[in-house]
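Chemist: Let me begin by handing over the structure; questions about it come next.
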Amino acid sequence: MRFEKRIFLSTATVHGEEMEFVKEAFERNWIAPLGFNCDGLEEEIAQYLEKGSKEKYHTVALCAGTAALHLAMKLSGVKAGDIVLCSDTTFAATVNPVSYEGAKQVFVDSEFDTWNMDPAALEKAFQKYPQAKVVVLAHLYGSPAKMDEILEICEKHNAVLIEDAAEALSATYKGRQCGTFGKYNVISFNGNKIITSSGGGMLITADKAARDKALFWATQSREPAPWYQHEEIGYNYRMSNVVAGIGRGQLIHLDEHRDRKEQIYRRYEQGFKGLPVKMNPYLPESVPNFWLSCMLVDEDCAVDPMDIMNVLNEANVESRPIWKPMHMQPVFKDCDFVSVSESSVGEQIFKRGLCLPSDIKMTEEQQDIIIDIIKSMF
């Protein structure tokens with residue numbers, strides 16, 4: 001069986017409202033960075049995140065989630081030579097901004113319950129690096145990490161938590177939205193995320209002064225003078241008013257997208273019953289957004305996930321390996337890695353895992369065929 005039209009991992013799904021916001025930007029001739037759509041997206045995301053919370057959040061719409069992470073590093077006071085404790089199993093964008101500020105990453109291993117940062121390994125990292133004052137945590141594939149334990153450890157060591165919720169918008173832990181647990185938090189609107197603005201991201205914090213400082217840096221650190229006055233190094237990190245309009249239209253459908261993602265996950269879960277595989281896990285006290293459905297082949301199984309990927313590709317279906325852990329990346333070969341396991345949990349997940357097609361435009365019939373292809377491998 002080969003699909004005539006390729007089945008993708010995760011692509012943007014547009015609905016129509018996006019164009020109305022974009023059209024208004026053109027009609028008002030406001031297509032430059034910042035503007036009413038940026039203001040609206042910031043306010044609407046803040047309101048969404050405040051559901052179930054007594055806290056008020058302040059947001060900055062930016063050109064990328066990576067830009068938001070960079071500004072979070074600066075707000076956290078990261079300086080050249082500092083040690084920053086980072087999630088190991090994640091995308092490079094989570095940890096690259098550490099290098100932008102001349103600091104050094106120390107990678108903290110994952111655990112099997114969520115595939116996220118292992119609290120025991122984080123505590124061990126603090127014992128080894130007591131000078132570390134910043135932790136960067138990513139929620140993998142939309143499944144929340146063990147936040148109570150992570151927050152307790154950060155508080156114990158007086159460390160700032162930067163929460164990378166790029167993949168976890170709309171996911172909750174004990175009823176609280178991901179993207180609100182850290183002192184500084186980041187979400188992404190990249191084209192493959194649960195909602196998109198075609199690109200872009202957002203910095204979230206409960207600290208209004210920090211929000212204003214981030215916007216100042218993101219606007220080339222321009223001082224309030226009648227001429228261009230600069231007393232600090234700045235960045236061109238602002239979001240376009242047009243792009244923000246796309247994001248506003250997408251946000252209307254966020255919960256709808258999340259529900260569809262869960263349906264896809266459950267269909268895989270049901271279809272794989274009896275096979276020596278497990279779906280990407282989550283805690284009973286959390287509700288993931290199921291951004292990507294992933295499978296983990298049992299350790300003693302002879303089936304190689306890369307073989308599954310190749311067979312799916314022959315059927316014109318996109319799949320992808322799990323994120324390769326950062327401590328295995330050549331660019332970070334000089335960085336330390338901390339684990340409490342005899343062998344890296346992140347490496348095991350990488351070698352035995354596979355991200356499955358999770359596009360919400362995929363039909364049930366198409367997904368059933370994909371499931372049957374995978375089952376035939378066993």
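By order in the structure tokens, chains are A, B, ...; within a chain, residues start at 1; ligands start at 1, following the order shown.
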With only C-alpha atoms as the counted atoms, please give the residues lying no more than 12 Å from Ile246 (chain A), apart from itself and same-chain residues fewer than 3 positions off, as a PyMOL selection string.
Modeler: chain A and resi 12-25+37-38+40-41+189-191+195-200+239-243+249-253
Chemist: Per DSSP on the backbone, what are the alpha helix (DSSP H) residues of region 19-187 of chain A, as a ChimeraX atom specification?
Modeler: /A:19-27,36-49,65-75,96-100,119-128,147-156
Chemist: Near region 314-330 of chain A, counting only C-alpha atoms, which residues have an atom at most 9 Å away, once you skip same-chain residues fewer than 3 positions from it, shown as a ChimeraX atom specification?
Modeler: /A:1-9,87-92,95,106-109,294,305-306,308-311,333-337,346-347,349-357,370,373
Chemist: Using only C-alpha atoms, pick whichever of A:Arg238, A:Lys79, A:Lys124, A:Lys56 has the shortest atom-to-atom distance to Val340 (chain A).
Modeler: A:Lys124
Chemist: Quote the spacing between CA of Arg248 (chain A) and CA of Leu140 (chain A) in Å to one decimal place.
Modeler: 24.5 Å
Chemist: Using backbone DSSP assignments, extract all strand (DSSP E or B) residues from region 264-337 of chain A; output them as a VMD selection string.
Modeler: chain A and resid 277 to 279 286 to 287 294 to 297 317 320 to 321 336 to 337
Chemist: Show me a table, sorted first by chain and then by increasing residue number, of the residues of region 181-219 of chain A having an atom at most 12 Å from region 65-68 of chain A, each with its shortest atom pair and the distance in Å to one decimal, counting only C-alpha atoms and written as a tab-separated table.
Modeler:
residue	atom	partner	partner_atom	distance
A:Tyr184	CA	A:Ala68	CA	9.2
A:Asn185	CA	A:Ala68	CA	8.2
A:Val186	CA	A:Ala68	CA	6.1
A:Ile187	CA	A:Gly65	CA	6.0
A:Ser188	CA	A:Gly65	CA	4.8
A:Phe189	CA	A:Gly65	CA	7.4
A:Asn190	CA	A:Gly65	CA	7.9
A:Gly191	CA	A:Gly65	CA	11.7
A:Lys193	CA	A:Gly65	CA	11.2
A:Thr196	CA	A:Gly65	CA	11.5
A:Ser197	CA	A:Gly65	CA	11.5
A:Gly199	CA	A:Gly65	CA	8.6
A:Gly200	CA	A:Gly65	CA	6.0
A:Gly201	CA	A:Gly65	CA	4.0
A:Met202	CA	A:Ala68	CA	5.9
A:Leu203	CA	A:Ala68	CA	5.0
A:Ile204	CA	A:Ala68	CA	8.6
A:Thr205	CA	A:Ala68	CA	11.0
A:Arg211	CA	A:Ala68	CA	10.7
A:Ala214	CA	A:Ala68	CA	8.5
A:Leu215	CA	A:Ala68	CA	10.1
A:Trp217	CA	A:Ala67	CA	10.6
A:Ala218	CA	A:Ala67	CA	8.4
A:Thr219	CA	A:Ala67	CA	11.9
Chemist: One decimal, Å: what's the distance from CA of Gln105 (chain A) over to CA of Asp118 (chain A), could you say?
Modeler: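 Interatomic distance, CA of Gln105 (chain A) to CA of Asp118 (chain A): 16.2 Å.
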Chemist: Could you tell me how far CA of Val287 (chain A) sits from CA of Ala46 (chain A), in Å to one decimal place?
Modeler: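 Straight-line distance from CA of Ala46 (chain A) to CA of Val287 (chain A) works out to 19.3 Å.
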Chemist: Considering only C-alpha atoms, return as a list in words whatever protein or nucleic-acid residues lie within 7 Å of region 262-271 of chain A, sequence-local ones (same chain, fewer than 5 positions apart) excluded.
Modeler: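 In the requested form, the answer reads Met279, Phe290, Ser293, Ser358 and Ile371 of chain A.
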Chemist: Those selected residues, please, written with N, CA, C and O atoms and delivered as a compact mmCIF listing (two decimals), in the first residue's frame.
Modeler:
# COMPACT_ATOMS: atom_id res chain seq x y z
N MET A 279 3.05 3.53 23.98
CA MET A 279 2.91 4.91 23.51
C MET A 279 3.70 5.84 24.43
O MET A 279 4.00 5.48 25.57
N PHE A 290 -0.97 15.95 23.51
CA PHE A 290 -0.83 14.87 22.52
C PHE A 290 -0.33 15.42 21.17
O PHE A 290 -0.75 14.93 20.12
N SER A 293 2.08 11.77 18.61
CA SER A 293 1.96 10.41 19.11
C SER A 293 3.25 9.67 18.77
O SER A 293 3.70 9.69 17.62
N SER A 358 0.86 12.48 13.07
CA SER A 358 -0.10 13.01 14.03
C SER A 358 -0.82 14.24 13.48
O SER A 358 -1.28 15.08 14.23
N ILE A 371 -1.51 2.00 10.91
CA ILE A 371 -1.43 1.04 12.02
C ILE A 371 -1.20 -0.38 11.48
O ILE A 371 -0.37 -1.14 12.00
